Amino acid sequence: MKKKILVTGGTGYIGSHTTVELIENGFEVVIIDNLYNSEADVIDRIQKITGIKPSLEVFDLCNSEKLDVFCRKNRDIAAVIHFAAYKAVGESVNKPLDYYRNNLLSLVNLLDAMKKNGIPNLVFSSSCTVYGQPEKLPVTENSPLQPATSPYGNTKQVGEAIIRDTTVSDKNIKAISLRYFNPIGAHPSSLIGELPRGVPENLVPYITQTAYGLREELKVFGDDYNTPDGSCVRDYLHVVDLAKAHVVAVKRLIDENNKTNYEVFNLGTGIGVSVLEAIKSFEKVTGIKVKYKIVARRAGDIEKIWADPSYANKELGWKTLSTLDESMKTAWEWEKKVRSK
Ligand code: UD1
């Protein structure tokens with residue numbers, strides 16, 4: 001019997017790539033998604049890649065009744081991977097209540113439904129944003145957390161705390177929080193990838209859309225940071241590498257010999273890359289010049305952050321395999337394919 005995994009937000013960017021990896025590892029996937037920031041046809045694209053169509057239930061996790069009904073019918077779920085959340089840092093500053101309601105209420109509802117229905121395991125999408133601007137780089141899982149600089153970041157910190165407290169109070173629930181650095185790129189099939197609605201907030205979709213001619217020019221937010229070339233430094237990892245880490249996390253939770261109730265892992269490459277280096281990598285692998293200009297710093301941006309992934313490497317037996325150049329290449333292939341229809 002295939003083990004059943006619930007993926008919330010499974011039609012989204014990271015959720016869809018993770019669904020593919022789960023199916024390819026022999027799991028059955030059921031998705032709940034409200035399609036707020038994604039399209040239902042992602043399910044068909046997943047089927048094209050894997051040969052198997054995951055089931056999709058369209059509703060909002062803030063609706064606890066619907067969630068309860070769903071979980072009652074699916075008590076055999078072995079683990080939940082919870083991606084469904086809002087993720088735009090800037091927007092969260094203007095709409096804090098939307099962010100707290102959506103990101104935290106859905107999590108509380110989910111944990112409640114898991115407890116009520118005997119669903120034991122949770123993987124949570126967290127973020128390196130919980131570290132703020134770290135004093136020491138690279139950041140390990142033991143680096144101190146800093147006060148969040150946005151409501152979005154706060155929902156990740158509070159979300160982790162809610163999960164940790166729940167695992168302390170209820171030994172039947174085990175959980176792993178995965179702190180992502182900056183996921184980029186797309187599946188090598190170019191059938192799934194990042195498709196932000198409207199103007200992209202994140203760097204790589206802005207680069208690919210500018211290269212495609214959808215945006216006039218990329219704005220580089222600041223070149224006066226204390227970094228080698230003055231632009232901000234991040235740790236960009238390929239989304240397929242990130243997706244594979246979720247499969248490992250699920251297997252770890254399901255393993256009955258693993259008695260640890262709550263764990264946290266950094267998921268990154270360990271390599272810091274500046275905004276200008278990221279642009280250069282894109283230009284190198286595509287042969288396309290990206291029109292950009294340097295503008296003022298973006299409010300709330302962190303100067304530099306990259307992961308120490310050694311704990312995840314050792315404990316999970318997971319590490320990133322794709323280079324920055326490979327990631328950029330897949331991001332571009334996806335952009336071209338998705339626009340050509
Ligand atoms: C942010 C969050 C992260 C969250 C992610 C999801 C922080 C510190 N990080 O990542 O937790 O998971 O968004 O959306 O809150 N840049 C430009 N021009 C652009 C866009 C970006 O120069 O048009 C620069 C930014 O200044 C930054 C880098 O590119 O230095 C990466 O930005 P972005 O892709 O938005 O990700 P983060 O801000 O690192």
# chains A, B, ... in the order shown; residues from 1 in each chain; ligands from 1
>>> closest_atom_pairs(of="chain A", to="ligand 1", cutoff="8 Å", atoms="only C-alpha atoms and all ligand atoms", output="Markdown table")
| residue | atom | partner | partner_atom_place_in_ligand_line | distance |
| --- | --- | --- | --- | --- |
| A:Lys87 | CA | ligand 1 | 14 (O) | 5.1 |
| A:Ala88 | CA | ligand 1 | 14 (O) | 5.1 |
| A:Val89 | CA | ligand 1 | 15 (O) | 5.7 |
| A:Ser126 | CA | ligand 1 | 12 (O) | 7.7 |
| A:Ser127 | CA | ligand 1 | 11 (O) | 5.0 |
| A:Cys128 | CA | ligand 1 | 11 (O) | 5.7 |
| A:Thr129 | CA | ligand 1 | 11 (O) | 4.1 |
| A:Val130 | CA | ligand 1 | 11 (O) | 7.5 |
| A:Gly132 | CA | ligand 1 | 8 (C) | 6.5 |
| A:Thr149 | CA | ligand 1 | 15 (O) | 7.3 |
| A:Ser150 | CA | ligand 1 | 15 (O) | 7.1 |
| A:Tyr152 | CA | ligand 1 | 15 (O) | 7.5 |
| A:Gly153 | CA | ligand 1 | 15 (O) | 6.1 |
| A:Tyr180 | CA | ligand 1 | 12 (O) | 7.0 |
| A:Phe181 | CA | ligand 1 | 12 (O) | 7.1 |
| A:Asn182 | CA | ligand 1 | 39 (O) | 6.1 |
| A:Pro200 | CA | ligand 1 | 23 (O) | 7.2 |
| A:Glu201 | CA | ligand 1 | 35 (O) | 5.3 |
| A:Asn202 | CA | ligand 1 | 34 (O) | 3.3 |
| A:Leu203 | CA | ligand 1 | 20 (C) | 3.7 |
| A:Val204 | CA | ligand 1 | 34 (O) | 6.4 |
| A:Tyr206 | CA | ligand 1 | 23 (O) | 5.7 |
| A:Ile207 | CA | ligand 1 | 23 (O) | 7.7 |
| A:Leu218 | CA | ligand 1 | 23 (O) | 5.8 |
| A:Lys219 | CA | ligand 1 | 18 (N) | 4.9 |
| A:Val220 | CA | ligand 1 | 22 (O) | 3.4 |
| A:Phe221 | CA | ligand 1 | 22 (O) | 4.0 |
| A:Gly222 | CA | ligand 1 | 22 (O) | 7.0 |
| A:Ser231 | CA | ligand 1 | 30 (O) | 6.9 |
| A:Cys232 | CA | ligand 1 | 30 (O) | 4.3 |
| A:Val233 | CA | ligand 1 | 30 (O) | 6.1 |
| A:Arg234 | CA | ligand 1 | 39 (O) | 6.2 |
| A:Ser274 | CA | ligand 1 | 30 (O) | 7.4 |
| A:Val275 | CA | ligand 1 | 29 (O) | 5.5 |
| A:Arg297 | CA | ligand 1 | 26 (O) | 7.0 |
| A:Arg298 | CA | ligand 1 | 26 (O) | 6.0 |
| A:Gly300 | CA | ligand 1 | 15 (O) | 7.0 |
| A:Asp301 | CA | ligand 1 | 8 (C) | 5.6 |
| A:Ile302 | CA | ligand 1 | 8 (C) | 5.5 |
| A:Glu303 | CA | ligand 1 | 30 (O) | 7.1 |
| A:Lys304 | CA | ligand 1 | 30 (O) | 7.8 |
>>> residues_around(residues="stretch 31-42 of chain A", least_positions_apart="5", cutoff="8 Å", atoms="only C-alpha atoms", output="JSON list (two decimals) with N, CA, C and O atoms, in the first residue's frame")
[["chain", "number", "residue", "atom", "x", "y", "z"],
["A", 6, "LEU", "N", -0.61, 14.28, 2.51],
["A", 6, "LEU", "CA", -1.38, 15.48, 2.20],
["A", 6, "LEU", "C", -0.41, 16.63, 1.96],
["A", 6, "LEU", "O", 0.44, 16.92, 2.81],
["A", 7, "VAL", "N", -0.53, 17.26, 0.79],
["A", 7, "VAL", "CA", 0.30, 18.43, 0.48],
["A", 7, "VAL", "C", -0.63, 19.64, 0.39],
["A", 7, "VAL", "O", -1.43, 19.73, -0.55],
["A", 8, "THR", "N", -0.53, 20.54, 1.35],
["A", 8, "THR", "CA", -1.34, 21.76, 1.25],
["A", 8, "THR", "C", -0.55, 22.75, 0.38],
["A", 8, "THR", "O", 0.68, 22.84, 0.50],
["A", 9, "GLY", "N", -1.24, 23.45, -0.48],
["A", 9, "GLY", "CA", -0.53, 24.34, -1.40],
["A", 9, "GLY", "C", 0.23, 23.54, -2.47],
["A", 9, "GLY", "O", 1.24, 24.00, -3.00],
["A", 10, "GLY", "N", -0.29, 22.38, -2.79],
["A", 10, "GLY", "CA", 0.43, 21.47, -3.70],
["A", 10, "GLY", "C", 0.44, 21.90, -5.16],
["A", 10, "GLY", "O", 1.17, 21.31, -5.96],
["A", 11, "THR", "N", -0.37, 22.91, -5.52],
["A", 11, "THR", "CA", -0.28, 23.40, -6.90],
["A", 11, "THR", "C", 0.64, 24.61, -7.02],
["A", 11, "THR", "O", 0.83, 25.15, -8.10],
["A", 12, "GLY", "N", 1.20, 25.05, -5.88],
["A", 12, "GLY", "CA", 2.10, 26.20, -5.90],
["A", 12, "GLY", "C", 3.50, 25.82, -6.36],
["A", 12, "GLY", "O", 3.75, 24.69, -6.79],
["A", 16, "SER", "N", 4.28, 22.01, -5.96],
["A", 16, "SER", "CA", 4.14, 21.16, -7.16],
["A", 16, "SER", "C", 5.41, 20.35, -7.39],
["A", 16, "SER", "O", 5.35, 19.17, -7.73],
["A", 54, "PRO", "N", -2.30, 13.53, -9.05],
["A", 54, "PRO", "CA", -2.66, 13.63, -7.64],
["A", 54, "PRO", "C", -4.07, 14.16, -7.52],
["A", 54, "PRO", "O", -4.55, 14.86, -8.41],
["A", 55, "SER", "N", -4.76, 13.83, -6.41],
["A", 55, "SER", "CA", -6.11, 14.37, -6.26],
["A", 55, "SER", "C", -6.01, 15.81, -5.74],
["A", 55, "SER", "O", -5.06, 16.17, -5.05],
["A", 56, "LEU", "N", -6.97, 16.63, -6.13],
["A", 56, "LEU", "CA", -6.97, 18.05, -5.71],
["A", 56, "LEU", "C", -8.32, 18.39, -5.12],
["A", 56, "LEU", "O", -9.36, 18.21, -5.76],
["A", 57, "GLU", "N", -8.32, 18.91, -3.90],
["A", 57, "GLU", "CA", -9.53, 19.46, -3.28],
["A", 57, "GLU", "C", -9.32, 20.96, -3.18],
["A", 57, "GLU", "O", -8.32, 21.41, -2.59],
["A", 58, "VAL", "N", -10.27, 21.73, -3.76],
["A", 58, "VAL", "CA", -10.10, 23.18, -3.74],
["A", 58, "VAL", "C", -10.90, 23.78, -2.59],
["A", 58, "VAL", "O", -12.13, 23.84, -2.65],
["A", 59, "PHE", "N", -10.22, 24.14, -1.53],
["A", 59, "PHE", "CA", -10.84, 24.93, -0.45],
["A", 59, "PHE", "C", -9.75, 25.57, 0.40],
["A", 59, "PHE", "O", -8.57, 25.28, 0.26],
["A", 60, "ASP", "N", -10.20, 26.48, 1.25],
["A", 60, "ASP", "CA", -9.29, 27.26, 2.07],
["A", 60, "ASP", "C", -9.13, 26.61, 3.44],
["A", 60, "ASP", "O", -10.13, 26.24, 4.06],
["A", 61, "LEU", "N", -7.90, 26.49, 3.89],
["A", 61, "LEU", "CA", -7.65, 25.83, 5.19],
["A", 61, "LEU", "C", -8.17, 26.65, 6.36],
["A", 61, "LEU", "O", -8.26, 26.16, 7.48],
["A", 84, "ALA", "N", 0.83, 25.75, 2.06],
["A", 84, "ALA", "CA", -0.15, 26.80, 1.76],
["A", 84, "ALA", "C", 0.03, 28.01, 2.69],
["A", 84, "ALA", "O", -0.19, 27.90, 3.90],
["A", 192, "ILE", "N", 6.49, 22.50, -14.97],
["A", 192, "ILE", "CA", 6.10, 23.26, -13.77],
["A", 192, "ILE", "C", 7.25, 24.21, -13.41],
["A", 192, "ILE", "O", 8.40, 23.95, -13.75],
["A", 195, "LEU", "N", 5.40, 30.81, -11.18],
["A", 195, "LEU", "CA", 4.57, 31.65, -12.04],
["A", 195, "LEU", "C", 3.82, 32.68, -11.18],
["A", 195, "LEU", "O", 2.64, 32.52, -10.88],
["A", 196, "PRO", "N", 4.54, 33.73, -10.77],
["A", 196, "PRO", "CA", 3.89, 34.70, -9.89],
["A", 196, "PRO", "C", 2.79, 35.45, -10.63],
["A", 196, "PRO", "O", 2.91, 35.72, -11.83],
["A", 197, "ARG", "N", 1.72, 35.78, -9.91],
["A", 197, "ARG", "CA", 0.67, 36.61, -10.50],
["A", 197, "ARG", "C", 1.15, 38.06, -10.46],
["A", 197, "ARG", "O", 1.68, 38.50, -9.45]]
>>> closest_residue(among="A:Tyr86, A:Gly268, A:Leu107, A:Ile23", to="A:Leu237", atoms="only C-alpha atoms")
A:Gly268
>>> residues_around(residues="A:Glu216", least_positions_apart="4", cutoff="12 Å", atoms="only C-alpha atoms", output="list in words")
Val199, Tyr206, Ile207, Thr208, Gln209, Thr210, Ala211, Tyr212, Val290, Lys291, Tyr292 and Lys293 of chain A
>>> residues_around(residues="A:Leu110", least_positions_apart="2", cutoff="12 Å", atoms="only C-alpha atoms", output="VMD selection string")
chain A and resid 6 to 8 32 60 to 71 79 to 84 102 to 108 112 to 124 159 162 to 163 166 173
>>> closest_residue(among="A:Leu324, A:Ala148, A:Leu178, A:Val30", to="A:Tyr262", atoms="only C-alpha atoms")
A:Leu178
>>> closest_residue(among="A:Ala312, A:Val93, A:Ile49, A:Val168", to="A:Gly270", atoms="only C-alpha atoms")
A:Ala312
>>> residues_around(residues="stretch 137-142 of chain A", least_positions_apart="3", cutoff="7 Å", atoms="only C-alpha atoms", output="list in words")
Pro134, Val264, Phe265, Asn266, Ile305, Trp306, Ala307 and Asp308 of chain A
>>> write_last_selection(atoms="N, CA and C atoms", output="PDB file, in the first residue's frame")
ATOM      1  N   PRO A 134      21.777  37.840  10.481  1.00  0.00           N
ATOM      2  CA  PRO A 134      22.581  37.151  11.494  1.00  0.00           C
ATOM      3  C   PRO A 134      23.909  37.860  11.740  1.00  0.00           C
ATOM      4  N   VAL A 264      14.446  20.984  13.342  1.00  0.00           N
ATOM      5  CA  VAL A 264      14.536  22.113  12.419  1.00  0.00           C
ATOM      6  C   VAL A 264      15.772  21.927  11.547  1.00  0.00           C
ATOM      7  N   PHE A 265      15.637  22.193  10.258  1.00  0.00           N
ATOM      8  CA  PHE A 265      16.786  22.076   9.353  1.00  0.00           C
ATOM      9  C   PHE A 265      16.883  23.291   8.436  1.00  0.00           C
ATOM     10  N   ASN A 266      18.111  23.739   8.201  1.00  0.00           N
ATOM     11  CA  ASN A 266      18.384  24.754   7.181  1.00  0.00           C
ATOM     12  C   ASN A 266      18.525  24.070   5.833  1.00  0.00           C
ATOM     13  N   ILE A 305      22.958  36.780   3.749  1.00  0.00           N
ATOM     14  CA  ILE A 305      22.654  35.576   4.515  1.00  0.00           C
ATOM     15  C   ILE A 305      22.910  34.356   3.638  1.00  0.00           C
ATOM     16  N   TRP A 306      23.554  33.371   4.196  1.00  0.00           N
ATOM     17  CA  TRP A 306      23.642  32.068   3.540  1.00  0.00           C
ATOM     18  C   TRP A 306      23.713  30.991   4.616  1.00  0.00           C
ATOM     19  N   ALA A 307      23.378  29.777   4.185  1.00  0.00           N
ATOM     20  CA  ALA A 307      23.190  28.680   5.142  1.00  0.00           C
ATOM     21  C   ALA A 307      24.489  27.964   5.446  1.00  0.00           C
ATOM     22  N   ASP A 308      24.527  27.419   6.646  1.00  0.00           N
ATOM     23  CA  ASP A 308      25.426  26.298   6.903  1.00  0.00           C
ATOM     24  C   ASP A 308      24.541  25.057   6.791  1.00  0.00           C
TER      25      ASP A 308
END
>>> select_by_dssp(residues="stretch 146-194 of chain A", states="strand (DSSP E)", output="list in words")
Lys174, Ala175, Ile176, Ser177, Leu178, Arg179, Tyr180, Asn182, Pro183 and Ile184 of chain A
>>> atom_distance(atom1="atom CA of A:Asp235", atom2="atom CA of A:Gly272")
5.0 Å
>>> closest_residue(among="A:Lys136, A:Arg179, A:Lys95, A:Arg101", to="A:Thr155", atoms="only C-alpha atoms")
A:Arg101
>>> atom_distance(atom1="atom CA of A:Pro151", atom2="atom CA of A:Tyr131")
14.2 Å
>>> decode(residues="stretch 1-13 of chain A", atoms="N, CA and C atoms", output="PDB file, in the first residue's frame")
ATOM      1  N   MET A   1       0.840  -1.213   0.000  1.00  0.00           N
ATOM      2  CA  MET A   1       0.000   0.000   0.000  1.00  0.00           C
ATOM      3  C   MET A   1       0.873   1.259   0.000  1.00  0.00           C
ATOM      4  N   LYS A   2       0.515   2.156  -0.915  1.00  0.00           N
ATOM      5  CA  LYS A   2       1.261   3.421  -0.942  1.00  0.00           C
ATOM      6  C   LYS A   2       0.896   4.254   0.277  1.00  0.00           C
ATOM      7  N   LYS A   3       1.881   4.939   0.859  1.00  0.00           N
ATOM      8  CA  LYS A   3       1.574   5.843   1.969  1.00  0.00           C
ATOM      9  C   LYS A   3       1.004   7.138   1.404  1.00  0.00           C
ATOM     10  N   LYS A   4      -0.037   7.631   2.095  1.00  0.00           N
ATOM     11  CA  LYS A   4      -0.729   8.825   1.591  1.00  0.00           C
ATOM     12  C   LYS A   4      -0.175  10.095   2.263  1.00  0.00           C
ATOM     13  N   ILE A   5       0.177  11.073   1.434  1.00  0.00           N
ATOM     14  CA  ILE A   5       0.714  12.332   1.953  1.00  0.00           C
ATOM     15  C   ILE A   5      -0.211  13.472   1.535  1.00  0.00           C
ATOM     16  N   LEU A   6      -0.613  14.277   2.507  1.00  0.00           N
ATOM     17  CA  LEU A   6      -1.383  15.484   2.198  1.00  0.00           C
ATOM     18  C   LEU A   6      -0.410  16.634   1.957  1.00  0.00           C
ATOM     19  N   VAL A   7      -0.531  17.260   0.793  1.00  0.00           N
ATOM     20  CA  VAL A   7       0.300  18.426   0.481  1.00  0.00           C
ATOM     21  C   VAL A   7      -0.628  19.636   0.386  1.00  0.00           C
ATOM     22  N   THR A   8      -0.529  20.538   1.346  1.00  0.00           N
ATOM     23  CA  THR A   8      -1.337  21.762   1.252  1.00  0.00           C
ATOM     24  C   THR A   8      -0.551  22.751   0.384  1.00  0.00           C
ATOM     25  N   GLY A   9      -1.244  23.450  -0.483  1.00  0.00           N
ATOM     26  CA  GLY A   9      -0.530  24.338  -1.403  1.00  0.00           C
ATOM     27  C   GLY A   9       0.230  23.544  -2.465  1.00  0.00           C
ATOM     28  N   GLY A  10      -0.288  22.381  -2.794  1.00  0.00           N
ATOM     29  CA  GLY A  10       0.432  21.474  -3.698  1.00  0.00           C
ATOM     30  C   GLY A  10       0.445  21.903  -5.156  1.00  0.00           C
ATOM     31  N   THR A  11      -0.372  22.910  -5.521  1.00  0.00           N
ATOM     32  CA  THR A  11      -0.280  23.396  -6.902  1.00  0.00           C
ATOM     33  C   THR A  11       0.643  24.612  -7.017  1.00  0.00           C
ATOM     34  N   GLY A  12       1.195  25.045  -5.883  1.00  0.00           N
ATOM     35  CA  GLY A  12       2.103  26.198  -5.901  1.00  0.00           C
ATOM     36  C   GLY A  12       3.503  25.816  -6.363  1.00  0.00           C
ATOM     37  N   TYR A  13       4.391  26.778  -6.279  1.00  0.00           N
ATOM     38  CA  TYR A  13       5.749  26.613  -6.832  1.00  0.00           C
ATOM     39  C   TYR A  13       6.501  25.458  -6.164  1.00  0.00           C
TER      40      TYR A  13
END
